[in-house]
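Data first, discussion second: the structure below is written as structure tokens.
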Amino acid sequence: MKFSANLGFLWTDRRLTDAIHAAKAAGFDAVECHWPYDVPASEVSGALVETGLAMLGLNTRRGDVAAGDNGLSAMTGREAEARAAIDEAITYAIAIGAANIHVMAGFAAGDQAHATFVDNLTYACRNAAPHGITILIEPLNKYDAPGYFLRTTDQAVAIISEVGAENHKLMFDCYHVQLMEGDLTHRIEKLLPHIGHIQFASVPDRGAPDHGEINYSHVFQVIARLGYAAPAGAEYKPNGPTDHSLAWMNDLRASK
């Protein structure tokens with residue numbers, strides 16, 4: 001099994017370029033991030049070249065975080081901001097060779113929010129496609145993100161089908177899906193044609209995947225059996241220094 005270090009949570013005490021080098025030294029196969037925009041893309045690209053790691057993905061900006069925003073693309077009346085965030089993400093992804101962009105929906109509800117989200121995703125897919133970039137959407141759980149528009153994998157797949165773009169996929173985060181729906185391995189098998197990226201963390205504390213209610217040794221054996229070969233994203237919150245939290249990686253690789 002291959003693993004990607006999500007630098008939104010891992011090595012957050014370091015500049016993004018230094019975190020990329022730390023991920024390489026720790027044995028990760030790739031990296032991904034949340035919002036890299038404060039670091040010049042040329043510097044991130046340089047660190048990726050130096051380490052030989054690929055950047056799997058990044059997120060669109062959340063909006064006005066101080067005011068409570070957590071994404072913009074399902075928020076009716078803020079389409080201009082949402083599309084500016086999409087444009088920015090595409091430009092940055094092109095510059096660093098990132099394969100995926102997670103377009104964040106935000107806090108919204110109802111039919112108009114659905115229509116707004118579909119319109120903005122259609123825009124994102126159309127503009128990302130010429131560059132070989134996949135647009136991802138990710139259901140978030142109601143405990144960490146109460147009021148977030150996208151909650152379940154069924155809702156996400158319905159939206160993906162409605163948008164109808166080949167470069168539109170599901171971000172299947174085992175942590176969020178377990179909290180909202182459970183039945184992880186059956187859902188992964190059913191949804192595999194729609195999945196563009198898999199992420200993971202322990203449940204319920206979102207820590208390293210070596211404890212809690214999910215048996216990741218079994219989950220990753222199933223994923224491998226299904227033929228999914230891309231690196232899975234370690235998006236967990238270390239309890240202390242990241243370097244002290246990595247025993248799980250060797251254990252999971254040894255359990256295959």
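Note on naming: chains are A, B, ... as they come in the structure tokens, residues start from 1 per chain, ligands start from 1 in the order shown.
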Problem set entry | Contact residues around Met249 of chain A with only C-alpha atoms at 12 Å, ignoring same-chain residues under 5 positions, as a PyMOL selection string | chain A and resi 1-5+26-29+208-210+216-217+220+232-234+243-244+254-256
For this session: Name all residues at most 9 Å from segment 41-52 of chain A (count only C-alpha atoms; drop same-chain ones fewer than 6 positions away) and give them as a count of residues only.
Result: 14
Seminar exercise, completed: Taken to one decimal, the atom CA of Gly8 of chain A-atom CA of Ala230 of chain A distance is 19.3 Å
Exercise. Between A:Arg61, A:Arg14, A:Arg151, A:Lys237, which has the minimum distance to Tyr37 of chain A (counting only C-alpha atoms)?
Worked result: A:Arg61
Exercise. Atom CA of Lys190 of chain A and atom CA of Ile90 of chain A, how far apart in Å?
Worked result: 29.5 Å
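Taking only C-alpha atoms into account, Val65 of chain A lies nearest to A:Gly106 out of the set A:Gly106, A:Thr153, A:Ile135, A:Asp144.
Considering the residues A:Ala115, A:Val157, A:Ala98, A:Ala54 and counting only C-alpha atoms, Ser73 of chain A has its shortest atom-to-atom contact with A:Ala115.
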Exercise. Hey, what's within 10 Å of Ser202 of chain A if we count only C-alpha atoms and toss same-chain stuff fewer than 3 positions away? As number ranges by chain, please?
Worked result: A: 174-175, 178, 205-216, 235-237
Exercise. What does the distance from atom CA of Met171 of chain A to atom CA of Glu32 of chain A come to in Å, to one decimal?
Worked result: 12.7 Å
Exercise. Using only C-alpha atoms, which of the listed residues (A:Ile159, A:Ile223, A:Ala19, A:Leu179) sits closest to Val203 of chain A?
Worked result: A:Leu179
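Look at Thr122 of chain A: the protein and nucleic acid residues within 9 Å of it, using only C-alpha atoms and passing over chain neighbours fewer than 6 places away, are Val163, Gly164, Ala165 and His168 of chain A.
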